[in-house]
file my_file_22.csv (CSV, C-alpha atoms)
chain,number,residue,atom,x,y,z
C,1460,MET,CA,83.7,-131.5,-46.1
C,1461,PRO,CA,80.1,-132.0,-44.9
C,1462,THR,CA,78.5,-128.9,-43.3
C,1463,TRP,CA,76.0,-128.8,-40.5
C,1464,ASN,CA,73.4,-128.2,-43.2
C,1465,THR,CA,74.2,-131.3,-45.1
C,1466,LEU,CA,74.3,-133.3,-41.8
C,1467,LYS,CA,71.0,-131.9,-40.7
C,1468,GLY,CA,69.7,-133.0,-44.0
C,1469,ASP,CA,70.1,-136.6,-42.9
C,1470,GLY,CA,66.7,-137.1,-41.4
C,1471,THR,CA,66.8,-140.8,-40.8
C,1472,MET,CA,65.8,-142.0,-37.4
C,1473,LYS,CA,68.7,-144.5,-37.5
C,1474,GLY,CA,71.3,-141.8,-38.0
C,1475,TYR,CA,70.1,-139.9,-34.9
C,1476,LEU,CA,70.0,-143.1,-32.8
C,1477,LEU,CA,73.5,-143.9,-33.9
C,1478,ALA,CA,74.7,-140.5,-32.9
C,1479,THR,CA,72.9,-140.7,-29.6
C,1480,LEU,CA,74.5,-144.0,-28.9
C,1481,ALA,CA,77.9,-142.7,-29.7
C,1482,GLY,CA,77.3,-139.8,-27.4
C,1483,LEU,CA,76.3,-142.1,-24.6
C,1484,VAL,CA,79.4,-144.2,-25.1
C,1485,SER,CA,81.5,-141.1,-24.9
C,1486,ILE,CA,79.8,-139.9,-21.8
C,1487,ALA,CA,80.5,-143.3,-20.2
C,1488,ALA,CA,84.1,-142.9,-21.3
C,1489,THR,CA,84.1,-139.4,-19.7
C,1490,PHE,CA,83.2,-140.8,-16.3
C,1491,ALA,CA,85.8,-143.6,-16.6
C,1492,LEU,CA,88.5,-141.0,-17.4
C,1493,VAL,CA,87.5,-138.8,-14.5
C,1494,GLU,CA,87.6,-141.8,-12.1
C,1495,THR,CA,91.0,-142.8,-13.4
C,1496,ARG,CA,92.3,-139.3,-12.8
C,1497,ALA,CA,90.9,-139.2,-9.3
C,1498,ILE,CA,92.8,-142.4,-8.5
C,1499,GLY,CA,95.9,-140.9,-10.1
C,1500,ILE,CA,95.8,-137.9,-7.8
C,1501,ASN,CA,94.9,-139.5,-4.6
C,1502,GLY,CA,95.7,-143.1,-4.8
C,1503,SER,CA,98.9,-143.6,-6.8
C,1504,GLY,CA,100.9,-146.1,-5.0
C,1505,SER,CA,98.7,-145.7,-2.0
C,1506,THR,CA,96.3,-148.6,-2.3
C,1507,ALA,CA,97.8,-151.3,-0.2
C,1508,ALA,CA,100.1,-153.5,-2.2
C,1509,PHE,CA,101.2,-156.8,-0.8
C,1510,GLU,CA,104.0,-159.1,-1.9
C,1511,SER,CA,103.5,-162.9,-2.4
C,1512,ASP,CA,104.8,-163.5,1.1
C,1513,GLY,CA,102.3,-161.1,2.7
C,1514,LYS,CA,104.7,-158.2,3.2
C,1515,LEU,CA,103.2,-154.8,2.6
C,1516,LYS,CA,105.0,-152.5,0.2
C,1517,LEU,CA,106.0,-149.0,1.4
C,1518,PRO,CA,103.2,-146.6,0.6
C,1519,THR,CA,104.1,-143.5,-1.4
C,1520,GLY,CA,102.7,-140.0,-1.7
C,1521,TYR,CA,101.1,-140.1,1.7
C,1522,ARG,CA,102.3,-136.7,2.8
C,1523,ARG,CA,99.8,-135.3,0.3
C,1524,TRP,CA,96.9,-137.4,1.7
C,1525,VAL,CA,94.4,-135.8,4.0
C,1526,PHE,CA,96.0,-134.9,7.4
C,1527,VAL,CA,93.7,-135.9,10.3
C,1528,GLY,CA,95.7,-135.3,13.5
C,1529,ALA,CA,99.1,-135.0,15.2
C,1530,PRO,CA,99.1,-136.5,18.7
C,1531,LEU,CA,102.3,-135.9,20.6
C,1532,THR,CA,103.6,-137.9,23.6
C,1533,PRO,CA,107.1,-136.6,24.2
C,1534,ASN,CA,109.8,-138.5,26.1
C,1535,GLY,CA,110.0,-135.5,28.6
C,1536,LEU,CA,106.4,-136.3,29.7
C,1537,ASN,CA,106.9,-140.1,29.8
C,1538,ASN,CA,109.8,-140.6,32.2
C,1539,GLY,CA,112.2,-140.3,29.2
C,1540,ASN,CA,110.9,-143.5,27.7
C,1541,ALA,CA,107.8,-142.7,25.7
C,1542,GLY,CA,106.3,-145.5,23.6
C,1543,PHE,CA,105.9,-142.9,20.8
C,1544,PRO,CA,108.2,-140.0,21.5
C,1545,GLU,CA,107.5,-138.2,18.3
C,1546,TYR,CA,104.7,-136.3,16.7
C,1547,HIS,CA,102.4,-138.6,14.9
C,1548,HIS,CA,101.4,-137.2,11.5
C,1549,VAL,CA,98.4,-139.2,10.6
C,1550,TYR,CA,97.2,-139.3,7.0
C,1551,VAL,CA,94.2,-140.9,5.2
C,1552,GLU,CA,93.5,-140.8,1.5
C,1553,GLU,CA,90.8,-138.3,0.5
C,1554,LYS,CA,88.5,-141.0,-1.0
C,1555,ASN,CA,88.6,-142.9,2.3
C,1556,VAL,CA,88.0,-139.8,4.3
C,1557,ASP,CA,85.0,-139.1,2.2
C,1558,ALA,CA,83.7,-142.6,2.7
C,1559,TYR,CA,84.2,-142.5,6.4
C,1560,LEU,CA,82.4,-139.2,6.7
C,1561,LYS,CA,79.5,-140.7,4.7
C,1562,THR,CA,79.3,-144.1,6.4
C,1563,GLY,CA,81.2,-144.0,9.7
C,1564,SER,CA,83.6,-146.7,8.7
C,1565,PHE,CA,86.5,-147.0,6.4
C,1566,PRO,CA,86.2,-149.0,3.1
C,1567,GLU,CA,88.1,-152.2,2.5
C,1568,GLY,CA,91.7,-151.4,1.4
C,1569,THR,CA,91.9,-148.2,3.4
C,1570,VAL,CA,95.5,-147.3,4.4
C,1571,ILE,CA,96.2,-145.1,7.4
C,1572,VAL,CA,99.7,-143.8,7.7
C,1573,LYS,CA,101.3,-142.5,10.8
C,1574,GLU,CA,104.6,-140.8,10.1
C,1575,LEU,CA,106.7,-140.2,13.2
C,1576,THR,CA,108.2,-136.7,13.4
C,1577,ARG,CA,110.7,-135.7,16.1
C,1578,VAL,CA,110.1,-132.5,18.1
C,1579,LEU,CA,112.8,-129.8,17.4
C,1580,SER,CA,115.7,-130.1,19.8
C,1581,PRO,CA,114.2,-129.6,23.3
C,1582,THR,CA,115.6,-127.1,25.8
C,1583,PHE,CA,113.3,-128.0,28.7
C,1584,PRO,CA,112.9,-131.3,30.5
C,1585,ASP,CA,109.4,-131.7,29.2
C,1586,GLY,CA,110.7,-131.8,25.6
C,1587,SER,CA,109.6,-128.3,24.8
C,1588,ARG,CA,111.6,-125.3,23.5
C,1589,THR,CA,111.0,-121.6,23.0
C,1590,GLU,CA,110.3,-119.9,19.7
C,1591,PRO,CA,108.8,-116.5,18.8
C,1592,SER,CA,105.3,-118.0,19.1
C,1593,GLY,CA,105.9,-119.2,22.6
C,1594,ARG,CA,107.2,-122.3,24.5
C,1595,GLY,CA,106.1,-125.5,23.1
C,1596,TYR,CA,106.7,-128.2,20.5
C,1597,PHE,CA,107.7,-127.8,16.9
C,1598,ASN,CA,107.8,-130.4,14.1
C,1599,GLY,CA,111.4,-131.6,13.5
C,1600,ALA,CA,112.8,-134.4,11.3
C,1601,TYR,CA,110.8,-137.4,10.0
C,1602,ASN,CA,111.7,-140.4,12.0
C,1603,GLY,CA,109.7,-143.4,11.1
C,1604,LEU,CA,106.6,-144.8,9.4
C,1605,ASP,CA,103.8,-147.0,10.7
C,1606,VAL,CA,100.9,-148.1,8.5
C,1607,THR,CA,97.6,-149.9,9.1
C,1608,VAL,CA,95.5,-151.5,6.3
C,1609,LYS,CA,91.9,-152.6,6.4
C,1610,ASP,CA,91.4,-156.0,4.9
C,1611,SER,CA,88.7,-158.0,6.6
C,1612,LYS,CA,89.7,-161.3,5.2
C,1613,ARG,CA,93.5,-161.0,5.4
C,1614,PHE,CA,93.4,-159.6,8.9
C,1615,ALA,CA,90.3,-161.2,10.3
C,1616,LYS,CA,92.1,-162.1,13.5
C,1617,THR,CA,92.7,-158.5,14.4
C,1618,ASN,CA,89.3,-157.0,13.7
C,1619,GLY,CA,90.1,-156.5,10.0
C,1620,TRP,CA,93.1,-154.3,10.2
C,1621,GLY,CA,96.8,-155.2,9.8
C,1622,PHE,CA,99.7,-153.3,11.3
C,1623,PHE,CA,103.1,-152.6,9.8
C,1624,THR,CA,106.2,-150.7,10.7
C,1625,PHE,CA,108.6,-149.5,8.0
C,1626,GLY,CA,111.2,-148.3,10.5
C,1627,HIS,CA,111.6,-146.1,13.5
C,1628,HIS,CA,114.5,-144.0,12.1
C,1629,PRO,CA,115.1,-141.3,9.5
C,1630,GLU,CA,114.5,-142.0,5.8
C,1631,PRO,CA,114.9,-144.1,3.9
C,1632,TYR,CA,112.3,-146.4,5.3
C,1633,ALA,CA,112.1,-150.1,4.6
C,1634,ALA,CA,110.8,-151.1,1.1
C,1635,THR,CA,108.5,-153.7,2.6
C,1636,ALA,CA,107.2,-154.7,6.1
C,1637,ALA,CA,105.8,-157.9,7.6
C,1638,GLU,CA,102.7,-157.7,9.7
C,1639,LYS,CA,103.5,-156.9,13.3
C,1640,SER,CA,102.4,-159.2,16.2
C,1641,VAL,CA,99.1,-158.5,18.0
C,1642,ALA,CA,101.1,-157.5,21.1
C,1643,GLU,CA,103.1,-154.9,19.2
C,1644,CYS,CA,100.2,-153.0,17.6
C,1645,ALA,CA,96.8,-154.5,17.1
C,1646,GLY,CA,96.3,-155.4,20.7
C,1647,CYS,CA,96.0,-151.8,21.9
C,1648,HIS,CA,93.7,-150.9,19.1
C,1649,MET,CA,91.5,-153.9,19.8
C,1650,ALA,CA,91.4,-153.0,23.5
C,1651,SER,CA,90.8,-149.3,23.1
C,1652,VAL,CA,89.1,-148.4,19.8
C,1653,ALA,CA,87.4,-151.5,18.5
C,1654,LYS,CA,84.1,-149.6,18.5
C,1655,THR,CA,85.5,-146.9,16.2
C,1656,ASP,CA,86.7,-149.2,13.4
C,1657,MET,CA,90.0,-149.7,15.2
C,1658,THR,CA,91.0,-146.1,14.7
C,1659,TRP,CA,91.7,-143.3,17.2
C,1660,VAL,CA,89.1,-141.0,15.6
C,1661,GLN,CA,88.6,-139.3,19.0
C,1662,PHE,CA,92.0,-137.6,18.3
C,1663,TYR,CA,91.1,-136.6,14.7
C,1664,PRO,CA,88.8,-133.5,14.6
C,1665,LEU,CA,87.9,-134.0,10.9
C,1666,LEU,CA,86.7,-137.5,11.5
C,1667,ARG,CA,85.4,-137.1,15.0
C,1668,SER,CA,82.8,-134.6,13.8
C,1669,LYS,CA,80.7,-137.5,12.4
O,462,MET,CA,63.3,-150.6,-29.9
O,463,PRO,CA,66.1,-150.6,-32.4
O,464,THR,CA,68.7,-153.3,-32.1
O,465,TRP,CA,72.4,-153.3,-33.0
O,466,ASN,CA,71.5,-155.0,-36.2
O,467,THR,CA,69.0,-152.4,-37.3
O,468,LEU,CA,71.4,-149.6,-36.3
O,469,LYS,CA,74.3,-151.3,-38.2
O,470,GLY,CA,72.0,-151.5,-41.2
O,471,ASP,CA,72.2,-147.7,-41.5
O,472,GLY,CA,75.1,-147.3,-43.8
O,473,THR,CA,74.7,-143.7,-44.9
O,474,MET,CA,77.9,-141.6,-44.7
O,475,LYS,CA,76.0,-138.8,-43.0
O,476,GLY,CA,74.9,-141.0,-40.2
O,477,TYR,CA,78.5,-142.0,-39.4
O,478,LEU,CA,79.8,-138.4,-39.7
O,479,LEU,CA,77.1,-137.3,-37.3
O,480,ALA,CA,78.1,-140.0,-34.9
O,481,THR,CA,81.8,-139.1,-35.2
O,482,LEU,CA,81.0,-135.5,-34.6
O,483,ALA,CA,79.0,-136.3,-31.5
O,484,GLY,CA,81.9,-138.4,-30.3
O,485,LEU,CA,84.4,-135.6,-30.8
O,486,VAL,CA,82.2,-133.2,-29.0
O,487,SER,CA,81.9,-135.6,-26.1
O,488,ILE,CA,85.7,-136.2,-26.0
O,489,ALA,CA,86.2,-132.4,-25.8
O,490,ALA,CA,83.6,-132.4,-23.0
O,491,THR,CA,85.7,-135.1,-21.3
O,492,PHE,CA,88.8,-133.0,-21.2
O,493,ALA,CA,86.8,-130.0,-20.0
O,494,LEU,CA,85.4,-132.2,-17.2
O,495,VAL,CA,88.7,-133.6,-16.2
O,496,GLU,CA,90.2,-130.1,-16.0
O,497,THR,CA,87.3,-128.9,-13.9
O,498,ARG,CA,87.8,-131.8,-11.5
O,499,ALA,CA,91.5,-131.2,-11.1
O,500,ILE,CA,90.8,-127.6,-10.2
O,501,GLY,CA,88.1,-128.7,-7.9
O,502,ILE,CA,90.5,-130.9,-5.9
O,503,ASN,CA,93.4,-128.6,-5.7
O,504,GLY,CA,92.2,-125.1,-6.2
O,505,SER,CA,88.5,-124.7,-5.6
O,506,GLY,CA,87.9,-121.7,-3.4
O,507,SER,CA,91.5,-121.7,-2.4
O,508,THR,CA,92.9,-119.1,-4.7
O,509,ALA,CA,92.7,-115.9,-2.6
O,510,ALA,CA,89.5,-114.1,-3.4
O,511,PHE,CA,89.2,-110.5,-2.3
O,512,GLU,CA,86.1,-108.3,-2.1
O,513,SER,CA,86.1,-104.8,-3.5
O,514,ASP,CA,86.9,-103.3,-0.1
O,515,GLY,CA,90.0,-105.5,0.2
O,516,LYS,CA,88.6,-108.1,2.6
O,517,LEU,CA,89.6,-111.7,2.0
O,518,LYS,CA,87.0,-114.3,1.6
O,519,LEU,CA,87.0,-117.3,3.8
O,520,PRO,CA,89.0,-120.1,2.0
O,521,THR,CA,87.3,-123.5,1.6
O,522,GLY,CA,88.5,-127.0,1.3
O,523,TYR,CA,91.8,-126.3,3.1
O,524,ARG,CA,91.6,-129.3,5.3
O,525,ARG,CA,92.4,-131.4,2.2
O,526,TRP,CA,95.4,-129.3,1.2
O,527,VAL,CA,98.9,-130.5,2.0
O,528,PHE,CA,99.6,-130.5,5.7
O,529,VAL,CA,103.0,-129.1,6.6
O,530,GLY,CA,103.2,-128.9,10.3
O,531,ALA,CA,101.5,-128.7,13.7
O,532,PRO,CA,103.4,-126.5,16.1
O,533,LEU,CA,101.9,-126.4,19.6
O,534,THR,CA,102.5,-123.8,22.4
O,535,PRO,CA,100.0,-124.7,25.1
O,536,ASN,CA,98.8,-122.3,27.8
O,537,GLY,CA,100.2,-124.6,30.4
O,538,LEU,CA,103.8,-123.9,29.2
O,539,ASN,CA,103.2,-120.1,28.7
O,540,ASN,CA,102.1,-118.9,32.1
O,541,GLY,CA,98.4,-119.7,31.3
O,542,ASN,CA,98.5,-117.0,28.6
O,543,ALA,CA,99.9,-118.4,25.3
O,544,GLY,CA,99.8,-116.2,22.3
O,545,PHE,CA,98.7,-119.3,20.4
O,546,PRO,CA,97.3,-121.8,22.9
O,547,GLU,CA,96.2,-124.3,20.3
O,548,TYR,CA,97.8,-126.7,17.8
O,549,HIS,CA,98.4,-124.9,14.6
O,550,HIS,CA,97.4,-127.1,11.7
O,551,VAL,CA,99.2,-125.6,8.8
O,552,TYR,CA,98.1,-126.3,5.2
O,553,VAL,CA,99.3,-125.3,1.8
O,554,GLU,CA,97.8,-126.2,-1.6
O,555,GLU,CA,99.6,-129.0,-3.4
O,556,LYS,CA,100.5,-126.9,-6.4
O,557,ASN,CA,102.2,-124.3,-4.2
O,558,VAL,CA,104.0,-126.9,-2.2
O,559,ASP,CA,105.3,-128.3,-5.5
O,560,ALA,CA,106.4,-124.8,-6.6
O,561,TYR,CA,108.1,-124.2,-3.3
O,562,LEU,CA,110.0,-127.5,-3.5
O,563,LYS,CA,111.1,-126.6,-7.0
O,564,THR,CA,112.0,-122.9,-6.6
O,565,GLY,CA,112.4,-122.2,-2.8
O,566,SER,CA,109.7,-119.6,-2.8
O,567,PHE,CA,105.9,-119.6,-3.0
O,568,PRO,CA,104.2,-118.4,-6.2
O,569,GLU,CA,102.1,-115.2,-6.2
O,570,GLY,CA,98.6,-116.0,-4.9
O,571,THR,CA,99.8,-118.7,-2.5
O,572,VAL,CA,97.5,-119.1,0.5
O,573,ILE,CA,98.7,-120.6,3.7
O,574,VAL,CA,96.1,-121.6,6.2
O,575,LYS,CA,96.7,-122.0,10.0
O,576,GLU,CA,93.7,-123.7,11.6
O,577,LEU,CA,93.8,-123.5,15.4
O,578,THR,CA,92.9,-126.7,17.1
O,579,ARG,CA,92.5,-127.0,20.9
O,580,VAL,CA,94.3,-129.7,22.8
O,581,LEU,CA,91.9,-132.3,24.3
O,582,SER,CA,90.9,-131.3,27.9
O,583,PRO,CA,94.2,-131.2,29.9
O,584,THR,CA,94.6,-133.0,33.2
O,585,PHE,CA,98.1,-131.8,34.0
O,586,PRO,CA,99.2,-128.2,34.5
O,587,ASP,CA,101.3,-128.2,31.3
O,588,GLY,CA,98.2,-128.9,29.3
O,589,SER,CA,98.8,-132.5,28.7
O,590,ARG,CA,96.7,-135.6,29.4
O,591,THR,CA,97.2,-139.3,29.5
O,592,GLU,CA,95.9,-141.7,26.8
O,593,PRO,CA,96.9,-145.3,26.0
O,594,SER,CA,99.8,-144.1,23.9
O,595,GLY,CA,101.2,-142.0,26.8
O,596,ARG,CA,101.1,-138.6,28.4
O,597,GLY,CA,100.9,-135.8,25.9
O,598,TYR,CA,98.8,-133.6,23.7
O,599,PHE,CA,95.9,-134.7,21.4
O,600,ASN,CA,94.0,-132.8,18.8
O,601,GLY,CA,90.7,-131.4,20.1
O,602,ALA,CA,88.2,-129.1,18.6
O,603,TYR,CA,88.8,-126.6,15.8
O,604,ASN,CA,89.0,-123.1,17.3
O,605,GLY,CA,90.0,-120.5,14.7
O,606,LEU,CA,91.4,-119.7,11.4
O,607,ASP,CA,94.3,-117.5,10.3
O,608,VAL,CA,95.3,-117.1,6.7
O,609,THR,CA,98.2,-115.5,4.9
O,610,VAL,CA,98.3,-114.6,1.2
O,611,LYS,CA,101.2,-113.8,-1.0
O,612,ASP,CA,100.6,-110.8,-3.3
O,613,SER,CA,103.6,-108.7,-3.8
O,614,LYS,CA,101.7,-105.6,-5.0
O,615,ARG,CA,98.8,-105.7,-2.7
O,616,PHE,CA,101.0,-106.3,0.4
O,617,ALA,CA,104.2,-104.6,-0.7
O,618,LYS,CA,104.5,-103.0,2.7
O,619,THR,CA,104.7,-106.3,4.5
O,620,ASN,CA,107.2,-108.2,2.3
O,621,GLY,CA,104.5,-109.3,-0.1
O,622,TRP,CA,102.3,-111.2,2.4
O,623,GLY,CA,99.0,-110.1,3.9
O,624,PHE,CA,97.6,-111.6,7.1
O,625,PHE,CA,94.0,-112.3,8.0
O,626,THR,CA,92.1,-113.8,10.9
O,627,PHE,CA,88.6,-115.3,10.4
O,628,GLY,CA,88.1,-115.7,14.2
O,629,HIS,CA,89.6,-117.3,17.3
O,630,HIS,CA,86.6,-119.5,18.2
O,631,PRO,CA,84.8,-122.6,17.0
O,632,GLU,CA,83.1,-122.7,13.6
O,633,PRO,CA,81.5,-121.0,11.9
O,634,TYR,CA,84.3,-118.6,11.1
O,635,ALA,CA,83.8,-115.2,9.6
O,636,ALA,CA,82.9,-115.0,5.9
O,637,THR,CA,85.4,-112.3,5.2
O,638,ALA,CA,88.3,-110.7,7.0
O,639,ALA,CA,90.2,-107.4,6.8
O,640,GLU,CA,94.0,-107.3,6.7
O,641,LYS,CA,95.5,-107.4,10.2
O,642,SER,CA,97.8,-104.6,11.3
O,643,VAL,CA,101.6,-105.1,11.1
O,644,ALA,CA,101.8,-105.3,14.8
O,645,GLU,CA,99.3,-108.1,15.0
O,646,CYS,CA,100.8,-110.5,12.5
O,647,ALA,CA,103.2,-109.4,9.8
O,648,GLY,CA,105.7,-107.8,12.2
O,649,CYS,CA,106.8,-111.0,13.8
O,650,HIS,CA,107.1,-112.7,10.4
O,651,MET,CA,109.2,-109.8,9.1
O,652,ALA,CA,111.4,-109.9,12.2
O,653,SER,CA,111.9,-113.6,12.3
O,654,VAL,CA,111.4,-115.2,8.9
O,655,ALA,CA,111.9,-112.6,6.2
O,656,LYS,CA,114.7,-114.8,4.7
O,657,THR,CA,112.4,-117.8,4.2
O,658,ASP,CA,109.7,-116.0,2.2
O,659,MET,CA,108.0,-114.9,5.4
O,660,THR,CA,107.1,-118.4,6.3
O,661,TRP,CA,108.1,-120.6,9.3
O,662,VAL,CA,109.5,-123.4,7.1
O,663,GLN,CA,111.9,-124.3,9.8
O,664,PHE,CA,108.9,-126.0,11.5
O,665,TYR,CA,107.6,-127.7,8.4
O,666,PRO,CA,109.6,-130.9,7.6
O,667,LEU,CA,108.2,-131.2,4.1
O,668,LEU,CA,109.4,-127.7,3.1
O,669,ARG,CA,112.4,-127.6,5.3
O,670,SER,CA,114.1,-130.4,3.3
O,671,LYS,CA,114.8,-128.0,0.4
call {"tool": "encode", "arguments": {"input": "my_file_22.csv", "output": "structure tokens"}}
result
Amino acid sequence: MPTWNTLKGDGTMKGYLLATLAGLVSIAATFALVETRAIGINGSGSTAAFESDGKLKLPTGYRRWVFVGAPLTPNGLNNGNAGFPEYHHVYVEEKNVDAYLKTGSFPEGTVIVKELTRVLSPTFPDGSRTEPSGRGYFNGAYNGLDVTVKDSKRFAKTNGWGFFTFGHHPEPYAATAAEKSVAECAGCHMASVAKTDMTWVQFYPLLRSK
Amino acid sequence: MPTWNTLKGDGTMKGYLLATLAGLVSIAATFALVETRAIGINGSGSTAAFESDGKLKLPTGYRRWVFVGAPLTPNGLNNGNAGFPEYHHVYVEEKNVDAYLKTGSFPEGTVIVKELTRVLSPTFPDGSRTEPSGRGYFNGAYNGLDVTVKDSKRFAKTNGWGFFTFGHHPEPYAATAAEKSVAECAGCHMASVAKTDMTWVQFYPLLRSK
């Protein structure tokens, strides 16, 4: 076996250059590996995947993405017929949160998930109930999944974002979803939040700060 | 400048050994880096850190932990004097969520963060306001931070969990916090949720499912 002494004895310039080169290649490999791992943690199954007919595949792992807000418009406050009677649990992947905080807009391919979550059985007409912490609203069962994807070419007609619903019911959600009509989803975003990259960042403290 | 040809011309055994060694060192560095990054995402600053006098240091990075629920008990529904007038954004580190889902209890050292978040300026007596999605509650400004830590020895008197408040106001929060009295925090947990590891998992859909 060679020892450090015998190795050090090789004084040729070429040997050192070769070693340096190998080191640089390995450093490059290091960064490649780190990047792969980051995607593995934050993005597995989360980058928007479309089928050949344009349907979006159900995202996975989104409950571990970065939570940005939980707006709540209960039936009890909307004449018993709220457009969105559940909590909205809104999630964005960490890498896209980072990009938004840096640039003020979401990168192409950004997926925003809104999981609908019922309020725990109400005991008051406004939809609230009483628990040890007080009277209010508490997160109940998952009850649906809406997703929006940023793709400026694919969704050029709706300001670069496409809107999808994987069901308004308990799990399991649909495996795929076709793009919703403008009237169903994009229209309201285009009318109200076109200036904030089609997203309701005014309700998301983490994103609103920038 | 040397070219690949001149480098390849160096055929000494020592040169290749040196290069191989450099490569191995870099590969080892690769794994060290990957490990560091994994900790950076999931654990940096999140493992409970105590000062010598027993004060807990302010956790960091918690807004990127796993969100588990957002109970809301607004002033408007609690005679203008709610114990917790804001949204509670409750977060747990991913590794501890995983452990809970597997075992039904949180590992020693688990940190649960409850960040208080005001509702956007109310326009109705119940604290709600109207937005395009309907009348309800929307996440406003961050307004405080409460933390609980599982340490069966340190907090043996309160079922293994210690409770801390880093302020009930906008950021910046306090850098450290002393343990709160039983009457202020632990008492209610001990009375109401001792059977579920002192946590309100009944309000957290992700954890309640197990």
call {"tool": "closest_residue", "arguments": {"input": "my_file_22.csv", "among": "C:Val1551, C:Leu1560, C:Val1608, C:Ala1541", "to": "chain O", "atoms": "all atoms listed in the file"}}
result
C:Ala1541
call {"tool": "closest_residue", "arguments": {"input": "my_file_22.csv", "among": "O:Thr508, O:Phe585, O:His650, O:Phe664", "to": "chain C", "atoms": "all atoms listed in the file"}}
result
O:Phe664
call {"tool": "residues_around", "arguments": {"input": "my_file_22.csv", "residues": "Ala636 in chain O", "least_positions_apart": "4", "cutoff": "9 Å", "atoms": "only C-alpha atoms", "output": "list in words"}}
result
Leu517, Lys518, Leu519, Pro520 and Phe627 of chain O
call {"tool": "write_last_selection", "arguments": {"input": "my_file_22.csv", "atoms": "C-alpha atoms", "output": "compact mmCIF listing (two decimals), in the frame of the given file"}}
result
# COMPACT_ATOMS: atom_id res chain seq x y z
CA LEU O 517 89.60 -111.70 2.00
CA LYS O 518 87.00 -114.30 1.60
CA LEU O 519 87.00 -117.30 3.80
CA PRO O 520 89.00 -120.10 2.00
CA PHE O 627 88.60 -115.30 10.40
call {"tool": "atom_distance", "arguments": {"input": "my_file_22.csv", "atom1": "CA of Gly595 in chain O", "atom2": "CA of Thr1617 in chain C"}}
result
22.3 Å
call {"tool": "closest_residue", "arguments": {"input": "my_file_22.csv", "among": "C:Met1649, C:Ala1615, C:Leu1579, C:Ala1636", "to": "chain O", "atoms": "all atoms listed in the file"}}
result
C:Leu1579
